[in-house]
Every structure is written in C-alpha cells, then in structure tokens.
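Notes follow the structure.
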Amino acid sequence: MLIFGLVVFAPVVETLIMGTVLLVLLRFMKPVTAIVLSAVGWGIAHSMQFPIWGLTIWWPFLVLSTLFVAWRERSLWLAFALPMVAHGMQNLGPALLIVSGKAG
C-alpha cells in the first residue's frame, strides 16, 4: 500500500492540484512566473511536514510544472498525464528504499 500511495496516489492527486492551480495562474501571469510560483508553493507545502525537505522538493516541482505548461497547448490530457508519470517514477526509488527498510 505504501508503494501505491507514493508512486500512484500522491502523483495523481498532486498533479491534479498542481495542474489546476497552474491553469488559474496562467490566466493572470506569464508562464515562467506561474511555473516558479507553483514550484515554490509545492516546496512550502512539503516543508510543513519536514522543513528541510521543502528546500529540495521545489526543484522537481519546477520540472513537473514546466512539463505541464509545455504540454498544455498540445494536449491538456498529456499536460496532466506526463507530470503524473514523471512524478511516479521520481517517487519509485525512495518508495522502494522505504519498503525495504534501507531508507535512513
């Protein structure tokens, strides 16, 4: 269940939230500003659990937000699907370490 939560559930839910917020932000600001604001917002949100985590998690969300914005013009479906898959792949390694007991 832990692997499902980290590799499937969290990426799907977080991407749905991220994409929706980005679609709203893009109505009011330039893409670069919306992307950076999204990444910083996710860094702050993740800092609430583990403060040091927020300092590093903004970077992957910068990439995921960029991926969403880059694909939204071509296909809204792909704009959501590709960051979900990338996020799941990013979470797979740490999830396997946690399940195996090797995460420290």
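Chain identifiers are assigned as A, B, and so on, following the order in which chains appear in the structure tokens; residues are numbered from 1 within each chain, and ligands are numbered from 1 in order of appearance.
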
Contacts of Met18 (chain A) within 8 Å, only C-alpha atoms, excl. fewer than 4 positions in-chain, as a PyMOL selection string
chain A and resi 14+22+38+65

Store the residues of this selection in a file with all heavy atoms, as a compact mmCIF listing (two decimals), in the first residue's frame.
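Once everything was written out, this is result-v6.txt:
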```
# COMPACT_ATOMS: atom_id res chain seq x y z
N GLU A 14 -1.45 15.10 -6.50
CA GLU A 14 -0.65 16.33 -6.54
C GLU A 14 -0.61 16.93 -7.94
O GLU A 14 -0.62 18.16 -8.09
CB GLU A 14 0.76 16.06 -6.02
CG GLU A 14 0.79 15.83 -4.52
CD GLU A 14 2.19 15.66 -3.95
OE1 GLU A 14 3.17 15.54 -4.72
OE2 GLU A 14 2.30 15.63 -2.71
N LEU A 22 -1.99 25.77 -11.82
CA LEU A 22 -1.26 26.37 -12.94
C LEU A 22 -2.19 26.94 -13.99
O LEU A 22 -1.94 28.02 -14.53
CB LEU A 22 -0.31 25.35 -13.57
CG LEU A 22 1.02 25.17 -12.87
CD1 LEU A 22 1.74 23.92 -13.36
CD2 LEU A 22 1.90 26.39 -13.04
N SER A 38 4.44 28.03 -8.71
CA SER A 38 3.98 26.67 -8.44
C SER A 38 5.05 25.87 -7.71
O SER A 38 4.77 25.22 -6.69
CB SER A 38 3.62 25.97 -9.75
OG SER A 38 3.33 24.60 -9.54
N SER A 65 6.13 21.28 -13.15
CA SER A 65 5.31 22.43 -13.57
C SER A 65 5.67 22.85 -14.99
O SER A 65 4.79 23.19 -15.79
CB SER A 65 5.51 23.60 -12.60
OG SER A 65 5.05 23.27 -11.32
```

Each residue of region 17-72 of chain A lying at most 6 Å from region 76-93 of chain A should get a row with its shortest atom-to-atom pair and the distance in Å to one decimal, counting only C-alpha atoms; could you produce that, ordered by chain and increasing number, as CSV?
```
residue,atom,partner,partner_atom,distance
A:Leu64,CA,A:Pro83,CA,5.3
A:Phe68,CA,A:Ala79,CA,4.5
A:Trp71,CA,A:Ala79,CA,4.7
A:Arg72,CA,A:Leu76,CA,4.7
```

Fewer than 2 positions away in the same chain doesn't count, so skip those; otherwise give me all residues within 10 Å of region 49-60 of chain A, counting only C-alpha atoms, as a PyMOL selection string.
chain A and resi 36-47+62-66+86-87+90

Keeping C-alpha atoms, export the residues of the selection given above as a compact mmCIF listing (two decimals), in the first residue's frame.
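File result11.txt, as written:
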```txt
# COMPACT_ATOMS: atom_id res chain seq x y z
CA VAL A 36 8.23 29.34 -10.39
CA LEU A 37 5.30 30.22 -8.13
CA SER A 38 3.98 26.67 -8.44
CA ALA A 39 7.36 25.15 -7.58
CA VAL A 40 7.88 27.44 -4.60
CA GLY A 41 4.33 26.70 -3.41
CA TRP A 42 4.96 22.96 -3.51
CA GLY A 43 8.25 23.48 -1.67
CA ILE A 44 6.43 25.37 1.07
CA ALA A 45 3.64 22.78 1.22
CA HIS A 46 6.15 19.94 1.63
CA SER A 47 8.10 21.95 4.23
CA LEU A 62 9.86 23.17 -11.11
CA VAL A 63 10.44 20.42 -13.66
CA LEU A 64 6.92 18.98 -13.27
CA SER A 65 5.31 22.43 -13.57
CA THR A 66 7.39 23.17 -16.67
CA ALA A 86 7.38 11.55 -14.15
CA HIS A 87 6.37 12.17 -10.53
CA GLN A 90 10.70 10.01 -9.21
```

Would you please work out which residue, of A:Pro94, A:Pro11, A:Gly19, A:Gly101, is nearest to Ile35 (chain A) when using only C-alpha atoms?
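Of A:Pro94, A:Pro11, A:Gly19, A:Gly101, the one nearest Ile35 (chain A) is A:Gly19, counting only C-alpha atoms.
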
Using backbone DSSP assignments, extract all alpha helix (DSSP H) residues from chain A; output them as a PyMOL selection string.
chain A and resi 2-4+10-28+31-47+51-72+76-100

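With CA of Ile17 (chain A) on one side and CA of Ala95 (chain A) on the other, the separation reads 21.5 Å.
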
Kindly give the distance, in Å, that separates CA of Phe9 (chain A) and CA of Thr33 (chain A), rounded to a single decimal.
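Going from CA of Phe9 (chain A) over to CA of Thr33 (chain A), I get 27.6 Å.
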